[in-house]
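**Student:** What follows is target.cif; its format and atoms are mmCIF, C-alpha atoms.
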data_work
loop_
_atom_site.group_PDB
_atom_site.id
_atom_site.type_symbol
_atom_site.label_atom_id
_atom_site.label_comp_id
_atom_site.auth_asym_id
_atom_site.auth_seq_id
_atom_site.Cartn_x
_atom_site.Cartn_y
_atom_site.Cartn_z
ATOM 1 C CA MET X 569 43.001 133.476 -3.853
ATOM 2 C CA GLU X 570 43.930 134.966 -7.254
ATOM 3 C CA GLN X 571 46.432 132.893 -9.199
ATOM 4 C CA GLN X 572 49.519 134.615 -10.632
ATOM 5 C CA PRO X 573 49.563 134.284 -14.447
ATOM 6 C CA HIS X 574 52.356 132.224 -16.003
ATOM 7 C CA LEU X 575 54.540 134.299 -18.336
ATOM 8 C CA ASN X 576 57.639 133.422 -20.314
ATOM 9 C CA ASP X 577 60.962 134.160 -18.656
ATOM 10 C CA HIS X 578 62.513 137.449 -19.685
ATOM 11 C CA ASN X 579 66.113 137.225 -20.851
ATOM 12 C CA LYS X 580 67.243 140.796 -20.276
ATOM 13 C CA GLN X 581 67.010 143.568 -17.704
ATOM 14 C CA GLU X 582 65.944 146.896 -19.174
ATOM 15 C CA TYR X 583 66.480 150.294 -17.640
ATOM 16 C CA PRO X 584 62.821 151.104 -16.854
ATOM 17 C CA PRO X 585 62.826 154.829 -17.808
ATOM 18 C CA MET X 586 64.405 154.092 -21.191
ATOM 19 C CA HIS X 587 62.131 151.136 -21.884
ATOM 20 C CA THR X 588 58.971 153.111 -21.081
ATOM 21 C CA THR X 589 60.261 155.885 -23.339
ATOM 22 C CA GLU X 590 60.522 153.318 -26.147
ATOM 23 C CA HIS X 591 56.777 152.702 -25.795
ATOM 24 C CA ILE X 592 56.033 156.433 -25.959
ATOM 25 C CA ILE X 593 58.296 156.893 -28.997
ATOM 26 C CA ASN X 594 56.613 153.999 -30.807
ATOM 27 C CA GLN X 595 53.138 155.438 -30.312
ATOM 28 C CA THR X 596 54.325 158.928 -31.259
ATOM 29 C CA MET X 597 55.885 157.556 -34.461
ATOM 30 C CA ILE X 598 52.579 155.863 -35.293
ATOM 31 C CA ARG X 599 50.695 159.127 -34.757
ATOM 32 C CA LEU X 600 53.150 161.406 -36.580
ATOM 33 C CA PHE X 601 54.340 159.160 -39.419
ATOM 34 C CA SER X 602 51.543 156.565 -39.766
ATOM 35 C CA CYS X 603 54.141 153.797 -39.501
ATOM 36 C CA GLY X 604 54.248 150.695 -37.348
ATOM 37 C CA ARG X 605 56.140 150.215 -34.111
ATOM 38 C CA SER X 606 59.930 149.929 -34.368
ATOM 39 C CA ILE X 607 61.301 147.076 -36.450
ATOM 40 C CA SER X 608 64.451 146.848 -34.340
ATOM 41 C CA ALA X 609 65.344 148.126 -30.889
ATOM 42 C CA HIS X 610 68.482 148.302 -28.790
ATOM 43 C CA ILE X 611 67.560 149.811 -25.425
ATOM 44 C CA GLU X 612 70.316 150.616 -22.921
ATOM 45 C CA ARG X 613 70.757 152.888 -19.893
ATOM 46 C CA LYS X 614 73.096 155.475 -21.491
ATOM 47 C CA LYS X 615 71.794 155.584 -25.057
ATOM 48 C CA SER X 616 69.437 153.572 -27.215
ATOM 49 C CA LYS X 617 68.420 153.189 -30.834
ATOM 50 C CA LEU X 618 65.235 152.355 -32.703
ATOM 51 C CA ASP X 619 64.698 151.550 -36.378
ATOM 52 C CA TYR X 620 61.512 152.306 -38.325
ATOM 53 C CA ARG X 621 60.271 151.543 -41.821
ATOM 54 C CA LEU X 622 59.231 154.815 -43.436
ATOM 55 C CA ALA X 623 58.450 155.897 -46.994
ATOM 56 C CA ASP X 624 60.833 158.868 -46.775
ATOM 57 C CA CYS X 625 63.519 160.264 -44.513
ATOM 58 C CA PRO X 626 62.005 162.585 -41.898
ATOM 59 C CA ALA X 627 62.899 166.247 -42.329
ATOM 60 C CA GLU X 628 64.768 167.962 -39.492
ATOM 61 C CA GLU X 629 61.563 169.804 -38.530
ATOM 62 C CA GLU X 630 59.769 166.448 -38.216
ATOM 63 C CA VAL X 631 62.572 165.045 -36.041
ATOM 64 C CA LYS X 632 62.308 168.090 -33.779
ATOM 65 C CA LYS X 633 58.517 167.691 -33.658
ATOM 66 C CA LEU X 634 58.950 164.039 -32.641
ATOM 67 C CA GLU X 635 61.315 164.990 -29.810
ATOM 68 C CA GLU X 636 58.919 167.699 -28.594
ATOM 69 C CA ALA X 637 55.888 165.397 -28.784
ATOM 70 C CA VAL X 638 57.591 162.616 -26.799
ATOM 71 C CA ASN X 639 58.650 165.108 -24.110
ATOM 72 C CA GLU X 640 55.105 166.470 -23.969
ATOM 73 C CA VAL X 641 53.726 162.981 -23.288
ATOM 74 C CA ILE X 642 56.385 162.379 -20.618
ATOM 75 C CA ALA X 643 55.337 165.679 -18.964
ATOM 76 C CA TRP X 644 51.721 164.481 -18.701
ATOM 77 C CA HIS X 645 52.823 162.297 -15.735
ATOM 78 C CA LEU X 646 50.880 159.300 -17.015
ATOM 79 C CA PRO X 647 50.538 156.158 -14.913
ATOM 80 C CA VAL X 648 52.133 153.032 -16.383
ATOM 81 C CA THR X 649 49.985 149.998 -15.660
ATOM 82 C CA THR X 650 49.717 146.358 -16.682
ATOM 83 C CA GLU X 651 46.965 143.889 -17.325
ATOM 84 C CA PHE X 652 47.010 140.206 -18.192
ATOM 85 C CA ILE X 653 44.953 138.766 -21.031
ATOM 86 C CA THR X 654 44.984 135.602 -23.099
ATOM 87 C CA GLN X 655 46.497 135.439 -26.557
ATOM 88 C CA GLU X 656 42.970 134.868 -27.858
ATOM 89 C CA GLU X 657 41.833 138.146 -26.255
ATOM 90 C CA ALA X 658 44.885 139.881 -27.743
ATOM 91 C CA GLN X 659 43.968 138.855 -31.312
ATOM 92 C CA GLY X 660 42.796 141.851 -33.312
ATOM 93 C CA ARG X 661 43.892 144.221 -30.554
ATOM 94 C CA PHE X 662 47.658 143.670 -30.930
ATOM 95 C CA ASP X 663 50.067 142.466 -33.594
ATOM 96 C CA LEU X 664 50.958 138.972 -32.409
ATOM 97 C CA LYS X 665 53.535 138.295 -35.164
ATOM 98 C CA ARG X 666 56.401 139.251 -32.854
ATOM 99 C CA LEU X 667 55.396 136.825 -30.128
ATOM 100 C CA PRO X 668 57.781 133.878 -29.981
ATOM 101 C CA ASP X 669 56.343 130.445 -30.754
ATOM 102 C CA SER X 670 57.002 129.530 -27.123
ATOM 103 C CA ALA X 671 54.959 132.467 -25.770
ATOM 104 C CA SER X 672 52.717 131.626 -22.840
ATOM 105 C CA GLU X 673 48.947 131.623 -23.315
ATOM 106 C CA THR X 674 48.761 134.588 -20.922
ATOM 107 C CA VAL X 675 50.315 137.823 -22.185
ATOM 108 C CA ARG X 676 50.988 141.092 -20.397
ATOM 109 C CA VAL X 677 49.729 144.415 -21.712
ATOM 110 C CA VAL X 678 51.662 147.517 -20.659
ATOM 111 C CA LYS X 679 49.678 150.769 -20.798
ATOM 112 C CA VAL X 680 51.132 154.261 -20.684
ATOM 113 C CA GLY X 681 48.020 156.132 -19.565
ATOM 114 C CA ASP X 682 45.562 156.226 -22.455
ATOM 115 C CA TYR X 683 48.421 157.079 -24.827
ATOM 116 C CA ASP X 684 49.864 153.653 -25.638
ATOM 117 C CA GLU X 685 49.354 149.993 -24.945
ATOM 118 C CA CYS X 686 51.273 146.991 -26.212
ATOM 119 C CA LEU X 687 52.302 143.492 -25.301
ATOM 120 C CA CYS X 688 55.497 143.548 -23.251
ATOM 121 C CA ILE X 689 57.245 141.591 -20.515
ATOM 122 C CA GLY X 690 59.888 144.244 -19.786
ATOM 123 C CA ALA X 691 60.515 146.531 -16.820
ATOM 124 C CA HIS X 692 58.855 149.964 -16.693
ATOM 125 C CA VAL X 693 58.511 153.035 -14.490
ATOM 126 C CA GLU X 694 55.278 153.508 -12.533
ATOM 127 C CA ASN X 695 54.700 157.005 -13.903
ATOM 128 C CA THR X 696 56.162 158.973 -16.814
ATOM 129 C CA SER X 697 57.279 161.629 -14.297
ATOM 130 C CA GLU X 698 60.175 159.246 -13.488
ATOM 131 C CA ILE X 699 61.625 159.385 -17.023
ATOM 132 C CA GLY X 700 63.430 162.707 -17.441
ATOM 133 C CA THR X 701 63.932 164.501 -20.760
ATOM 134 C CA PHE X 702 64.094 162.639 -24.078
ATOM 135 C CA LYS X 703 66.828 163.780 -26.454
ATOM 136 C CA ILE X 704 67.474 162.541 -30.004
ATOM 137 C CA ILE X 705 71.260 162.505 -30.312
ATOM 138 C CA SER X 706 71.520 161.407 -33.950
ATOM 139 C CA HIS X 707 69.597 159.796 -36.784
ATOM 140 C CA ASP X 708 70.284 158.433 -40.233
ATOM 141 C CA TRP X 709 68.441 157.159 -43.275
ATOM 142 C CA ASP X 710 69.017 154.039 -45.369
ATOM 143 C CA GLU X 711 67.336 154.792 -48.717
ATOM 144 C CA GLU X 712 67.643 151.262 -50.055
ATOM 145 C CA ALA X 713 66.074 149.655 -46.981
ATOM 146 C CA LYS X 714 63.708 152.610 -46.338
ATOM 147 C CA ARG X 715 64.876 152.464 -42.744
ATOM 148 C CA TRP X 716 65.210 155.404 -40.387
ATOM 149 C CA ARG X 717 67.427 154.865 -37.329
ATOM 150 C CA MET X 718 67.197 157.138 -34.323
ATOM 151 C CA ARG X 719 69.644 157.221 -31.410
ATOM 152 C CA PHE X 720 68.479 158.805 -28.188
ATOM 153 C CA LYS X 721 69.190 159.275 -24.510
ATOM 154 C CA LEU X 722 67.474 160.559 -21.393
ATOM 155 C CA VAL X 723 68.842 163.556 -19.501
#
Kindly present the structure from the file in structure tokens form.
**Tutor:**
Amino acid sequence: MEQQPHLNDHNKQEYPPMHTTEHIINQTMIRLFSCGRSISAHIERKKSKLDYRLADCPAEEEVKKLEEAVNEVIAWHLPVTTEFITQEEAQGRFDLKRLPDSASETVRVVKVGDYDECLCIGAHVENTSEIGTFKIISHDWDEEAKRWRMRFKLV
């Protein structure tokens, strides 16, 4: 009999389509802007926001390209799967700096097809076909902090 891995308790309930979209956005930002994953996230059912560290403010054409690229990935109807690995196995494969000190030895990897994978304990759709259409509703730039904030929704 296979034993269920022990994971930390999760303190919030995400809206699965929006949370899976966050994963797709993060990977798309990495590919388009050569930046890391978001530095701050507020994910809700109606609208959400993500912050990124960037060298410069994205041009409007780049913002449009981001929106189009995320919607293209959603349209691929990718399966969203999970696997369980140890923190030792995760070393070098994932950035473990964001794991809390109390993180369990077993961690969960969420994969969006072959497009993205990251450590996550949140709720997700089973397939990107369940997401809908991604729409950036506003964005702003903080020059001093070199932070770009994007607000988005799903329609």
**Student:** For atom CA of X:Met718 and atom CA of X:Phe662, determine how far apart the two atoms are, in Å to one decimal place.
**Tutor:**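 Going from atom CA of X:Met718 over to atom CA of X:Phe662 covers 24.0 Å.
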**Student:** Which residues fall under the PyMOL selection byres ((chain X and resi 645) around 6) in this file, as a ChimeraX atom specification?
**Tutor:** /X:643-644,646,695-697
**Student:** Given the choices X:Val693, X:Val631, X:Ala609, X:Ala623, which gets closest to X:His707 if the distance is worked out from only C-alpha atoms?
**Tutor:**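 Closest to X:His707 of all the choices is X:Val631.
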**Student:** Would you give me, as JSON lines, each residue of stretch 621-720 of chain X having an atom within 6 Å of an atom of stretch 580-596 of chain X, along with its shortest atom pair and that distance in Å to one decimal, using all atoms listed in the file and sorting by chain and residue number?
**Tutor:**
{"residue": "X:Asp684", "atom": "CA", "partner": "X:Gln595", "partner_atom": "CA", "distance": 6.0}
{"residue": "X:Ala691", "atom": "CA", "partner": "X:Pro584", "partner_atom": "CA", "distance": 5.1}
{"residue": "X:His692", "atom": "CA", "partner": "X:Pro584", "partner_atom": "CA", "distance": 4.1}
{"residue": "X:Val693", "atom": "CA", "partner": "X:Pro584", "partner_atom": "CA", "distance": 5.3}
{"residue": "X:Ile699", "atom": "CA", "partner": "X:Pro585", "partner_atom": "CA", "distance": 4.8}
**Student:** Taking into account all atoms listed in the file, which residue in the set X:Asp624, X:Lys615, X:Glu651, X:Arg717 is nearest to X:Ser602?
**Tutor:** X:Asp624
**Student:** Using all atoms listed in the file, which of X:Ile705, X:Cys686, X:Met597, X:Ala637 sits nearest X:Asp663?
**Tutor:**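 Nearest to X:Asp663: X:Cys686.
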**Student:** Given the file shown, enumerate the residues that the PyMOL selection byres ((chain X and resi 723) around 12) captures and present them as number ranges by chain.
**Tutor:** X: 585-586, 613-615, 639, 698-705, 720-722
**Student:** So what do you get for atom CA of X:Glu629 versus atom CA of X:Glu685, distance-wise?
**Tutor:**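 Computing it gives 26.9 Å between the two atoms.
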**Student:** Quick one, how far is atom CA of X:Glu673 from atom CA of X:Leu618?
**Tutor:**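 Between atom CA of X:Glu673 and atom CA of X:Leu618 the gap is 28.0 Å.
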**Student:** Name every residue that the PyMOL selection byres ((chain X and resi 625) around 8) selects in this structure, writing the answer as a ChimeraX atom specification with chains first and numbers rising.
**Tutor:** /X:622-624,626-627,709,711,714,716
**Student:** Which residue, X:Phe601, X:Gln659, X:Val677, X:Asp682, has the smallest gap to X:Glu630 when you use only C-alpha atoms?
**Tutor:**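 Counting only C-alpha atoms, the residue closest to X:Glu630 is X:Phe601.
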**Student:** For a quick check of understanding, using only C-alpha atoms, which of X:Glu640, X:Leu687, X:Val675, X:Arg599 has the smallest distance to X:Glu656?
**Tutor:**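 Nearest candidate to X:Glu656 out of X:Glu640, X:Leu687, X:Val675, X:Arg599: X:Val675.
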**Student:** At a cut-off of 6 Å around the point (52.7, 142.0, -18.3) (file coordinates), what residues fall inside when counting all atoms listed in the file? I'd like the answer as a list in words.
**Tutor:**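 Selection result: Thr650, Phe652, Arg676, Val677, Cys688 and Ile689 of chain X.
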**Student:** Quick one: of X:Val638, X:Ile598, X:Leu667, X:Ile607, who's nearest to X:Gln655, counting all atoms listed in the file?
**Tutor:**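 Checking each candidate against X:Gln655, we get X:Leu667 as the closest.
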